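Participant: Data file data-v7.cif (mmCIF, C-alpha atoms and all ligand atoms) is appended below.
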data_run
loop_
_atom_site.label_atom_id
_atom_site.label_comp_id
_atom_site.auth_asym_id
_atom_site.auth_seq_id
_atom_site.Cartn_x
_atom_site.Cartn_y
_atom_site.Cartn_z
CA MET A 48 11.28 6.42 64.76
CA ALA A 49 9.76 2.96 64.87
CA HIS A 50 10.98 0.15 62.68
CA PHE A 51 8.46 -0.43 59.94
CA PRO A 52 7.42 -3.92 58.86
CA LYS A 53 8.73 -5.50 55.67
CA PRO A 54 6.54 -7.52 53.30
CA ALA A 55 6.20 -11.30 53.57
CA ALA A 56 8.86 -11.87 50.90
CA GLY A 57 11.35 -10.64 53.51
CA SER A 58 12.28 -7.48 51.64
CA TRP A 59 10.64 -4.96 49.34
CA THR A 60 13.04 -5.91 46.57
CA GLN A 61 12.46 -9.67 46.72
CA GLN A 62 8.73 -9.19 46.10
CA TYR A 63 9.82 -8.46 42.54
CA PRO A 64 12.07 -11.36 41.52
CA GLU A 65 12.76 -9.77 38.12
CA LEU A 66 14.77 -7.08 39.92
CA GLY A 67 17.24 -9.51 41.46
CA THR A 68 19.56 -8.43 44.26
CA ASP A 69 22.84 -8.33 42.34
CA LEU A 70 25.27 -5.47 42.16
CA VAL A 71 24.06 -2.79 39.73
CA SER A 72 25.98 -1.18 36.88
CA PHE A 73 25.66 2.55 36.23
CA GLU A 74 27.21 2.30 32.78
CA ASP A 75 23.78 3.48 31.56
CA SER A 76 24.52 6.87 33.18
CA ILE A 77 28.01 7.43 31.77
CA SER A 78 27.76 6.07 28.23
CA PRO A 79 27.11 8.59 25.42
CA GLU A 80 26.01 5.69 23.17
CA HIS A 81 23.47 4.49 25.71
CA TYR A 82 22.14 8.02 26.04
CA GLU A 83 21.55 8.21 22.28
CA LEU A 84 19.48 5.02 22.57
CA GLU A 85 17.54 6.36 25.56
CA ARG A 86 16.64 9.44 23.56
CA LYS A 87 15.04 7.30 20.89
CA ALA A 88 13.67 4.50 23.05
CA ILE A 89 12.37 6.60 25.92
CA PHE A 90 12.08 10.32 25.24
CA GLU A 91 10.67 9.93 21.74
CA ARG A 92 8.32 7.15 22.82
CA THR A 93 6.70 7.76 26.19
CA TRP A 94 4.21 10.21 27.65
CA LEU A 95 6.09 13.26 28.96
CA ASN A 96 4.55 15.77 31.36
CA VAL A 97 5.13 19.30 30.09
CA GLY A 98 3.05 21.35 32.52
CA ARG A 99 -0.37 22.00 33.98
CA VAL A 100 -3.62 23.39 32.64
CA GLU A 101 -3.40 26.42 34.98
CA GLN A 102 -0.60 27.64 32.67
CA LEU A 103 -3.29 27.95 29.98
CA PRO A 104 -5.99 30.06 31.67
CA LYS A 105 -7.84 31.21 28.53
CA THR A 106 -8.29 30.83 24.80
CA GLY A 107 -4.97 31.57 23.09
CA SER A 108 -2.85 30.99 26.21
CA TYR A 109 0.20 29.01 25.21
CA PHE A 110 3.62 27.93 26.42
CA THR A 111 6.52 26.24 24.69
CA LYS A 112 8.55 23.32 25.99
CA GLU A 113 12.05 22.46 24.82
CA ILE A 114 12.50 18.70 24.89
CA HIS A 115 16.17 18.44 24.08
CA ALA A 116 16.35 14.67 24.50
CA ALA A 117 13.79 14.27 21.71
CA ARG A 118 15.40 17.12 19.71
CA ARG A 119 12.01 18.80 19.68
CA SER A 120 10.26 21.95 20.76
CA VAL A 121 6.50 21.96 21.26
CA ILE A 122 3.80 24.60 21.60
CA ILE A 123 0.98 23.81 24.03
CA VAL A 124 -2.10 25.98 23.53
CA ARG A 125 -5.71 26.31 24.61
CA ASP A 126 -7.83 26.55 21.47
CA ALA A 127 -11.11 28.39 20.86
CA GLN A 128 -13.09 25.35 22.04
CA GLY A 129 -11.17 25.27 25.30
CA GLU A 130 -9.25 22.12 24.34
CA VAL A 131 -5.55 21.79 25.11
CA ARG A 132 -3.55 21.00 21.97
CA ALA A 133 0.12 20.56 21.14
CA PHE A 134 2.04 21.30 17.95
CA HIS A 135 5.60 21.03 16.83
CA ASN A 136 7.14 24.49 17.20
CA ILE A 137 8.25 24.67 13.57
CA CYS A 138 7.02 26.86 10.73
CA ARG A 139 5.87 25.02 7.62
CA HIS A 140 7.50 27.54 5.27
CA ARG A 141 11.23 27.10 5.86
CA GLY A 142 11.43 25.57 9.27
CA ASN A 143 11.96 28.56 11.53
CA LYS A 144 11.12 28.03 15.18
CA LEU A 145 7.67 29.58 15.45
CA MET A 146 7.32 30.79 19.05
CA TRP A 147 10.28 32.23 20.96
CA GLN A 148 11.25 35.61 22.43
CA GLU A 149 14.81 36.89 22.76
CA ASN A 150 16.63 33.61 22.68
CA PRO A 151 15.38 30.81 20.42
CA GLY A 152 16.66 28.17 22.88
CA GLU A 153 14.55 29.48 25.74
CA GLU A 154 10.98 28.56 26.54
CA THR A 155 8.29 31.21 26.32
CA SER A 156 4.61 31.69 27.08
CA GLY A 157 1.84 34.21 26.59
CA THR A 158 -1.49 34.72 24.89
CA VAL A 159 -2.04 35.03 21.14
CA ARG A 160 -4.89 35.10 18.65
CA GLN A 161 -2.73 33.40 16.07
CA PHE A 162 0.83 32.13 15.82
CA ALA A 163 2.87 34.35 13.50
CA CYS A 164 6.30 33.37 12.19
CA LYS A 165 8.96 36.02 12.72
CA TYR A 166 10.72 35.16 9.46
CA HIS A 167 8.26 35.76 6.61
CA GLY A 168 5.04 36.29 8.49
CA TRP A 169 3.09 33.07 7.86
CA ARG A 170 0.30 32.70 10.38
CA TYR A 171 -1.47 29.76 12.02
CA GLY A 172 -4.70 29.54 14.00
CA LEU A 173 -4.98 28.08 17.50
CA ASP A 174 -6.14 24.85 15.82
CA GLY A 175 -2.88 24.78 13.85
CA ALA A 176 -4.45 25.64 10.48
CA CYS A 177 -2.34 27.84 8.22
CA THR A 178 -4.36 31.06 7.90
CA PHE A 179 -2.03 33.43 6.07
CA VAL A 180 0.81 33.13 3.59
CA GLN A 181 2.75 36.27 2.75
CA GLN A 182 2.60 36.91 -1.05
CA GLU A 183 0.70 33.70 -1.53
CA GLN A 184 0.49 34.29 -5.30
CA GLU A 185 4.28 33.84 -5.61
CA PHE A 186 4.03 30.16 -4.59
CA PHE A 187 3.28 27.26 -6.90
CA ASP A 188 -0.10 25.60 -6.33
CA LEU A 189 0.28 26.06 -2.60
CA ASP A 190 -2.81 24.86 -0.75
CA LYS A 191 -2.71 26.36 2.75
CA ALA A 192 -4.91 23.50 3.97
CA ASN A 193 -1.92 21.19 3.59
CA PHE A 194 0.45 23.41 5.53
CA GLY A 195 -0.96 23.55 9.04
CA LEU A 196 1.23 23.08 12.10
CA LEU A 197 2.19 19.48 12.78
CA PRO A 198 0.17 18.18 15.73
CA VAL A 199 1.76 16.34 18.66
CA ARG A 200 -0.25 13.81 20.66
CA CYS A 201 -1.42 15.59 23.77
CA GLU A 202 -3.60 14.38 26.65
CA VAL A 203 -4.46 15.75 30.06
CA TRP A 204 -4.64 13.77 33.30
CA GLU A 205 -5.95 15.56 36.42
CA GLY A 206 -4.80 18.87 34.96
CA PHE A 207 -1.32 17.61 34.02
CA VAL A 208 -0.59 18.09 30.32
CA PHE A 209 1.41 15.34 28.61
CA VAL A 210 2.78 14.95 25.09
CA ASN A 211 3.98 11.87 23.26
CA PHE A 212 6.04 11.86 20.06
CA ASP A 213 5.25 8.26 19.22
CA ASP A 214 2.35 8.35 16.78
CA ALA A 215 2.46 4.56 16.38
CA ASP A 216 1.81 3.70 20.02
CA PRO A 217 -1.92 3.90 20.74
CA THR A 218 -1.66 3.67 24.56
CA PRO A 219 -3.84 6.40 26.10
CA LEU A 220 -2.16 8.52 28.78
CA ARG A 221 -4.26 7.21 31.65
CA ASP A 222 -3.48 3.60 30.75
CA TYR A 223 0.20 4.44 30.55
CA LEU A 224 0.21 6.14 33.96
CA GLY A 225 -1.59 3.12 35.40
CA LYS A 226 -2.42 2.23 38.96
CA PHE A 227 -0.63 5.01 40.83
CA ALA A 228 -2.30 7.73 38.76
CA ALA A 229 -5.71 6.08 39.21
CA GLY A 230 -5.11 6.03 42.97
CA LEU A 231 -4.38 9.78 42.96
CA GLU A 232 -7.47 10.81 41.04
CA GLY A 233 -9.60 13.22 43.02
CA TYR A 234 -6.67 14.86 44.79
CA PRO A 235 -7.35 18.64 44.64
CA PHE A 236 -4.46 19.43 42.28
CA GLY A 237 -6.53 22.20 40.71
CA GLU A 238 -6.90 24.01 44.04
CA LEU A 239 -3.19 24.15 44.85
CA THR A 240 -2.25 26.94 42.50
CA GLN A 241 0.37 28.91 44.44
CA VAL A 242 3.49 27.87 42.54
CA HIS A 243 7.19 28.15 43.42
CA LYS A 244 9.49 26.92 40.69
CA TYR A 245 13.21 26.15 40.57
CA ARG A 246 15.26 25.20 37.59
CA ALA A 247 18.91 24.17 37.52
CA ASP A 248 21.41 22.92 35.01
CA VAL A 249 22.95 19.85 36.65
CA GLY A 250 26.14 18.07 35.60
CA SER A 251 24.88 14.53 35.88
CA ASN A 252 22.92 11.96 33.95
CA TRP A 253 19.17 12.52 34.45
CA LYS A 254 18.69 9.15 36.16
CA LEU A 255 21.17 9.96 38.90
CA TYR A 256 19.01 12.85 40.06
CA VAL A 257 15.90 10.70 39.93
CA ASP A 258 17.88 8.25 42.09
CA ALA A 259 18.67 11.00 44.58
CA PHE A 260 14.99 11.68 45.15
CA ALA A 261 13.85 8.08 44.82
CA GLU A 262 15.55 6.99 48.04
CA PHE A 263 15.68 8.64 51.45
CA TYR A 264 18.44 6.33 52.72
CA HIS A 265 20.72 9.36 52.21
CA ALA A 266 18.52 11.83 54.07
CA PRO A 267 19.74 11.45 57.68
CA VAL A 268 23.35 11.72 56.45
CA LEU A 269 23.44 14.14 53.52
CA HIS A 270 20.80 16.43 54.99
CA SER A 271 21.93 16.15 58.63
CA LYS A 272 22.52 19.91 58.83
CA GLN A 273 18.81 20.48 58.26
CA TYR A 274 18.08 19.23 61.76
CA VAL A 275 19.18 20.56 65.10
CA GLY A 276 22.31 18.83 66.45
CA ASP A 277 20.79 16.26 68.82
CA GLU A 278 18.02 15.34 66.48
CA SER A 279 20.42 14.99 63.59
CA ARG A 280 22.56 12.49 65.54
CA LYS A 281 19.44 10.57 66.57
CA LEU A 282 18.17 10.38 62.99
CA MET A 283 21.52 9.15 61.77
CA GLY A 284 21.45 6.44 64.41
CA TYR A 285 17.98 5.27 63.38
CA GLY A 286 18.72 5.42 59.67
CA TYR A 287 15.85 5.54 57.24
CA GLU A 288 13.07 3.05 56.55
CA GLY A 289 10.20 3.58 54.13
CA LEU A 290 6.63 2.74 55.12
CA HIS A 291 5.80 1.16 51.81
CA TYR A 292 7.38 0.58 48.40
CA GLU A 293 5.58 -0.49 45.26
CA LEU A 294 6.26 -0.94 41.55
CA ALA A 295 3.68 -0.82 38.76
CA GLY A 296 5.01 -1.32 35.24
CA PRO A 297 7.62 1.36 34.54
CA HIS A 298 6.45 3.47 37.47
CA SER A 299 7.19 3.21 41.18
CA MET A 300 6.34 4.80 44.50
CA GLN A 301 7.31 4.94 48.13
CA SER A 302 5.49 6.10 51.18
CA ALA A 303 7.46 7.75 53.95
CA TRP A 304 7.32 8.69 57.58
CA GLY A 305 6.46 12.32 58.27
CA GLY A 306 7.04 13.03 61.93
CA MET A 307 8.33 16.53 61.20
CA ALA A 308 5.08 18.30 60.40
CA PRO A 309 4.48 19.10 63.16
CA PRO A 310 7.38 17.48 65.05
CA LYS A 311 6.55 15.48 68.16
CA ASP A 312 9.07 17.51 70.10
CA LEU A 313 9.49 21.16 69.10
CA ASN A 314 13.16 20.95 70.05
CA MET A 315 13.64 18.69 66.99
CA VAL A 316 13.49 21.68 64.65
CA LYS A 317 15.15 25.02 64.15
CA PRO A 318 13.80 28.16 65.86
CA ILE A 319 12.54 29.68 62.61
CA GLU A 320 10.53 26.54 61.92
CA ARG A 321 9.07 26.62 65.41
CA ALA A 322 8.16 30.28 65.02
CA LEU A 323 6.55 29.86 61.62
CA ARG A 324 5.16 26.33 61.95
CA SER A 325 6.72 25.37 58.64
CA GLY A 326 9.87 23.75 57.31
CA ASN A 327 11.16 21.16 54.90
CA PHE A 328 7.97 19.12 55.19
CA GLY A 329 5.96 22.20 54.26
CA PRO A 330 3.67 24.37 56.40
CA TRP A 331 2.52 22.20 59.35
CA ASP A 332 -1.12 23.23 59.27
CA ARG A 333 -3.29 21.83 56.53
CA PRO A 334 -4.98 24.54 54.46
CA ASP A 335 -8.74 24.63 54.33
CA VAL A 336 -9.13 23.21 50.82
CA PRO A 337 -11.95 20.83 49.87
CA GLY A 338 -10.54 17.39 49.13
CA LEU A 339 -7.48 17.64 51.36
CA ASP A 340 -9.33 16.22 54.36
CA GLN A 341 -10.41 13.12 52.37
CA LEU A 342 -7.40 11.86 50.44
CA PRO A 343 -7.92 9.53 47.47
CA PRO A 344 -7.54 5.79 48.08
CA GLY A 345 -4.07 5.47 46.51
CA VAL A 346 -2.50 7.91 48.95
CA ASN A 347 -0.84 6.49 52.08
CA PRO A 348 -1.31 2.89 50.92
CA SER A 349 -0.05 1.38 54.20
CA ARG A 350 -2.60 3.54 56.09
CA HIS A 351 0.13 4.26 58.61
CA ARG A 352 -0.52 6.84 61.31
CA ALA A 353 2.98 8.23 60.94
CA TRP A 354 2.49 8.82 57.21
CA GLY A 355 4.17 11.94 55.87
CA LEU A 356 4.41 11.71 52.11
CA ASP A 357 3.99 9.58 49.01
CA SER A 358 6.64 9.94 46.34
CA TYR A 359 5.94 8.70 42.81
CA VAL A 360 8.28 8.13 39.90
CA PHE A 361 6.22 8.32 36.71
CA PHE A 362 8.61 6.99 34.12
CA PRO A 363 10.63 8.44 32.63
CA ASN A 364 11.21 11.87 34.15
CA PHE A 365 8.19 13.05 36.13
CA MET A 366 8.13 12.71 39.91
CA MET A 367 5.43 13.82 42.29
CA VAL A 368 5.48 14.09 46.07
CA VAL A 369 2.17 14.38 47.91
CA TRP A 370 2.69 15.67 51.45
CA ALA A 371 0.49 14.93 54.45
CA PRO A 372 0.13 18.62 55.45
CA GLY A 373 -1.74 19.41 52.24
CA TRP A 374 0.57 20.38 49.39
CA TYR A 375 2.49 18.67 46.63
CA LEU A 376 5.56 19.09 44.50
CA THR A 377 6.82 17.83 41.18
CA TYR A 378 10.29 17.16 39.79
CA HIS A 379 11.23 16.97 36.14
CA TYR A 380 14.57 15.90 34.74
CA TRP A 381 15.16 16.97 31.13
CA PRO A 382 18.33 15.43 29.70
CA THR A 383 20.54 17.67 27.59
CA ALA A 384 23.49 15.26 27.25
CA TYR A 385 24.51 11.89 28.69
CA ASN A 386 26.06 13.75 31.64
CA ARG A 387 23.83 16.86 31.92
CA HIS A 388 20.22 17.68 32.46
CA THR A 389 17.89 20.51 33.37
CA PHE A 390 16.17 19.91 36.68
CA GLU A 391 12.85 21.55 37.52
CA GLY A 392 11.35 21.49 41.00
CA THR A 393 7.88 22.96 41.39
CA LEU A 394 6.00 23.36 44.68
CA TYR A 395 2.23 23.74 44.74
CA PHE A 396 0.44 25.26 47.72
CA ALA A 397 -3.07 26.51 48.40
CA PRO A 398 -3.25 30.23 47.60
CA PRO A 399 -2.19 31.96 50.86
CA ARG A 400 -4.95 33.95 52.55
CA ASN A 401 -2.65 36.23 54.53
CA ALA A 402 0.97 37.24 55.00
CA THR A 403 1.63 34.54 57.62
CA GLU A 404 0.56 31.76 55.27
CA ARG A 405 2.62 33.34 52.53
CA VAL A 406 5.76 33.43 54.71
CA ARG A 407 5.20 29.81 55.79
CA GLN A 408 5.12 28.76 52.16
CA GLU A 409 8.22 30.84 51.40
CA LEU A 410 10.09 29.10 54.23
CA ALA A 411 9.09 25.69 52.88
CA ALA A 412 10.19 26.76 49.38
CA VAL A 413 13.62 28.04 50.38
CA THR A 414 14.21 25.03 52.63
CA PHE A 415 13.37 22.80 49.72
CA ARG A 416 15.87 24.65 47.55
CA GLU A 417 18.58 24.12 50.16
CA PHE A 418 17.82 20.39 50.15
CA ALA A 419 17.86 20.15 46.41
CA LEU A 420 21.22 21.97 46.25
CA GLN A 421 22.70 19.47 48.71
CA ASP A 422 21.44 16.67 46.48
CA SER A 423 22.68 18.15 43.21
CA ASN A 424 26.20 18.86 44.55
CA THR A 425 26.56 15.21 45.30
CA LEU A 426 25.40 14.30 41.81
CA GLU A 427 28.21 16.05 40.00
CA ALA A 428 30.66 14.36 42.34
CA THR A 429 29.04 10.99 41.58
CA GLN A 430 28.92 11.52 37.81
CA THR A 431 32.62 12.38 37.52
CA MET A 432 33.69 9.40 39.63
CA LEU A 433 31.41 6.96 37.79
CA GLU A 434 32.98 8.22 34.57
CA SER A 435 36.41 7.20 35.87
CA ARG A 436 35.14 3.60 35.53
CA VAL A 437 37.46 2.39 38.26
CA LEU A 438 34.39 0.62 39.68
CA ASP A 439 31.57 -0.74 37.60
CA ARG A 440 29.25 -2.62 39.97
CA PHE A 441 27.56 -1.23 43.06
CA PRO A 442 25.48 -2.69 45.93
CA ILE A 443 21.93 -1.33 46.13
CA ASN A 444 20.00 -1.88 49.36
CA ASP A 445 16.33 -2.58 49.99
CA GLN A 446 15.51 1.09 50.74
CA GLU A 447 16.95 1.87 47.29
CA ILE A 448 14.62 -0.48 45.42
CA LEU A 449 13.26 2.33 43.23
CA ILE A 450 16.76 2.95 41.88
CA ARG A 451 17.22 -0.69 40.96
CA HIS A 452 13.85 -0.53 39.23
CA LEU A 453 14.51 2.75 37.37
CA HIS A 454 17.78 1.59 35.83
CA LYS A 455 16.28 -1.77 34.92
CA THR A 456 13.25 -0.08 33.34
CA ALA A 457 15.36 2.35 31.30
CA GLY A 458 17.51 -0.59 30.19
CA ASP A 459 14.44 -2.62 29.24
CA TYR A 460 13.10 0.23 27.07
CA VAL A 461 16.44 0.50 25.29
CA ALA A 462 16.63 -3.27 24.84
CA ALA A 463 13.09 -3.41 23.41
CA TYR A 464 13.94 -0.59 21.03
CA THR A 465 17.22 -2.04 19.80
CA GLY A 466 15.59 -5.48 19.53
CA LYS A 467 12.88 -4.07 17.30
CA ARG A 468 15.30 -2.23 15.04
S1 LIG A 501 10.05 30.25 7.92
FE1 LIG A 501 8.20 30.88 8.83
S2 LIG A 501 7.38 32.23 7.41
FE2 LIG A 501 9.22 31.62 6.47
FE FE A 502 17.90 14.46 49.30
#
Using structure tokens, write down the structure from this file.
Facilitator:
Amino acid sequence: MAHFPKPAAGSWTQQYPELGTDLVSFEDSISPEHYELERKAIFERTWLNVGRVEQLPKTGSYFTKEIHAARRSVIIVRDAQGEVRAFHNICRHRGNKLMWQENPGEETSGTVRQFACKYHGWRYGLDGACTFVQQEQEFFDLDKANFGLLPVRCEVWEGFVFVNFDDADPTPLRDYLGKFAAGLEGYPFGELTQVHKYRADVGSNWKLYVDAFAEFYHAPVLHSKQYVGDESRKLMGYGYEGLHYELAGPHSMQSAWGGMAPPKDLNMVKPIERALRSGNFGPWDRPDVPGLDQLPPGVNPSRHRAWGLDSYVFFPNFMMVVWAPGWYLTYHYWPTAYNRHTFEGTLYFAPPRNATERVRQELAAVTFREFALQDSNTLEATQTMLESRVLDRFPINDQEILIRHLHKTAGDYVAAYTGKR
């Protein structure tokens, strides 16, 4: 691997003087009090991605999303006009959770004509209007028109559905997502509809898992077993350098080398990868999907020949990785406590046209899961040791700039919120 040039400032980090280069505290990841503030300052106040429009194929298609950190559950639905809408998942009668199956804590999805409450049978249209009250005559001057479902702000960007619980902040989704989202517009997200999804309950603060995917400094070491012996030793010797790092408001991105798909030397990879032409960088051969041959201007910003992927952190908890061989994945980190969160990893491929393509995608998906397990093991070990508080300041290197930025950003949101209160 070549050494990649650094910006004129001498380092990626020093281009952004507000970041500083000091040791960093992770008290924000072990403090229950700080977590309570993050819930209010971040998860009740920013645009949160809850899914994609393909999950809502027709009128009446819906899914629910549990957003524990905001103490809320939402219903996302496609209405009769084809619009995507969101409502709080609470019945106006006596507050029962409206849509759930066996277990009220679990998310659900399906298709309905109306939403009917399991408790006393009140019903609501796809536009949220209350359409039926059981024994309406027993109530006192009840005007159904005033008892529709409570709407949640909901906007769609490139097929990604977002909600925002802050009714006072007028920032439209696209403005919030900013430069990186604009640079991705036109990518054929809507064509990559073959989905593999993982979900895990992880014993660490949500930011620590973002950190684990926001730097690849760890990759040659933690993931060394993913490579054949010789190659693994070589990679460790080289270390890791990103092609490009950039910050834009609360969001950040890095561009990385991708010499593994296909590898320069087939001996670099395991026999199964050689046989299938697929591996942890995805299937090596780009699918024949319009738009994948002409990537949007924001992708591969350094225009490097060795480009392999762009990895975005859309604050707070939505990451996206766009891979050179023509697929993408997303990560979500949904906090459930200061030291726990639900992780979701979703891989999106072009629909396979035959069994070979299918198996290639499967190999990429299981390899990804192996990687993610290696990462999450480390997280629980990190969380418990951070909580010992025997150390409280840590050095963060230039390849870890996104981590420095994430913790600063989360801290800034909390500070702005507590300052306003
Ligand atoms: S709580 Fe929903 S109908 Fe009574
Ligand atoms: Fe990793």
Participant: Smallest atom-to-atom distance to ligand LIG 501 (chain A): which of A:Ile89, A:Met146, A:Leu95, A:Leu394, using only C-alpha atoms and all ligand atoms?
Facilitator: A:Met146
Participant: What is the distance between atom CA of A:Asn252 and atom CA of A:Asn424, in Å to one decimal?
Facilitator: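 According to the coordinates, atom CA of A:Asn252 and atom CA of A:Asn424 are separated by 13.1 Å.
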Participant: Using all atoms listed in the file, find each residue with an atom at most 6 Å away from ligand LIG 501 (chain A) and format the answer as a list in words.
Facilitator: Cys138, His140, Arg141, Gly142, Asn143, Cys164, Tyr166, His167, Gly168 and Trp169 of chain A
Participant: Could you tell me how far atom CA of A:Ala353 sits from atom CA of A:Gly306, in Å to one decimal place?
Facilitator: 6.4 Å
Participant: Please determine, counting only C-alpha atoms, which residue among A:Val249, A:Ile319, A:Ala133, A:Gly286 has the shortest atom-to-atom distance to A:Pro267.
Facilitator: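 Checking each of A:Val249, A:Ile319, A:Ala133, A:Gly286 against A:Pro267, counting only C-alpha atoms, the winner is A:Gly286.
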Participant: Using atom CA of A:Cys177 and atom CA of A:Arg125 as the two end points, give the distance in Å to one decimal.
Facilitator: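 Rounded to one decimal, the two atoms are 16.8 Å apart.
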Participant: Can you tell me which residues sit at most 10 Å away from ligand FE 502 (chain A), counting all atoms listed in the file, written as a list in words?
Facilitator: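 Protein and nucleic-acid residues within 10 Å of ligand FE 502 (chain A): Tyr256, Asp258, Ala259, Phe260, Ala261, Glu262, Phe263, Tyr264, His265, Ala266, Pro267, Val268, Leu269, His270, Phe415, Glu417, Phe418, Ala419, Leu420, Gln421, Asp422, Ser423 and Thr425 of chain A.
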Participant: I'd like to know which of A:Thr429, A:Val208, A:Pro363, A:Arg139 is closest to A:Ala192, using all atoms listed in the file.
Facilitator: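 Answer, going by the shortest atom-to-atom distance: A:Arg139.
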Participant: With distances taken over all atoms listed in the file, which of A:Trp253, A:Phe362, A:Phe51, A:Phe207 is nearest to A:Asn386?
Facilitator: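 Between A:Trp253, A:Phe362, A:Phe51, A:Phe207, the residue approaching A:Asn386 most closely is A:Trp253.
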Participant: Applying 7 Å and all atoms listed in the file, which residues near stretch 216-222 of chain A remain after dropping the ones on its own chain fewer than 4 positions away? List them as a list in words.
Facilitator: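 Within the cut-off, the hits are Trp94, Glu202 and Trp204 of chain A.
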Participant: Counting all atoms listed in the file, note down every residue that has an atom within 9 Å of the point (-7.6, 19.4, 44.0) (file coordinates), as a list in words.
Facilitator: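 Residues close enough to count: Glu205, Gly233, Tyr234, Pro235, Phe236, Gly237, Glu238, Leu239, Val336, Pro337, Gly338 and Leu339 of chain A.
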Participant: Would you please work out which residue, of A:Gly355, A:Pro79, A:Gly345, A:Gly98, is nearest to A:Glu391 when using only C-alpha atoms?
Facilitator: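 Closest to A:Glu391 of all the choices is A:Gly98.
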Participant: Hey, which of A:Val124, A:Cys201, A:Val346, A:Leu70 ends up closest to A:Leu103? Count all atoms listed in the file.
Facilitator: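 Answer, going by the shortest atom-to-atom distance: A:Val124.
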Participant: Excluding same-chain residues fewer than 2 positions from A:Ala371, what lies within 12 Å of it counting all atoms listed in the file, as a ChimeraX atom specification?
Facilitator: /A:302-309,328-334,339-342,346-347,350-358,368-369,373-376
Participant: Within 10 Å of A:Arg118, counting only C-alpha atoms, which residues qualify if same-chain residues fewer than 4 places away don't, as a list in words?
Facilitator: Arg86, Lys87, Phe90, Glu91, Glu113, Ile114 and Thr383 of chain A
Participant: Can you tell me, as a list of chain:residue names, what residues are no more than 8 Å from A:Tyr385 when counting only C-alpha atoms, ignoring any on the same chain fewer than 3 positions away?
Facilitator: A:Ser76, A:Ile77, A:Ser78, A:Pro79, A:Tyr82, A:Glu83, A:Ser251, A:Asn252, A:Trp253, A:Pro382
Participant: Within 10 Å of A:Glu293, counting all atoms listed in the file, which residues show up once you throw out same-chain ones fewer than 3 positions away? Write them as a list in words, please.
Facilitator: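 The residues satisfying every condition are Trp59, Thr60, Gln62, Tyr63, Phe227, His298, Ser299, Met300, Gln301, Ser302, Pro348, Tyr359, Ile448 and Leu449 of chain A.
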Participant: Would you kindly identify which residues have an atom no farther than 12 Å from (13.7, 32.6, 41.1), using only C-alpha atoms and the file's own coordinates, and write them out as a VMD selection string?
Facilitator: chain A and resid 242 to 247 391 to 393 409 412 to 413 416
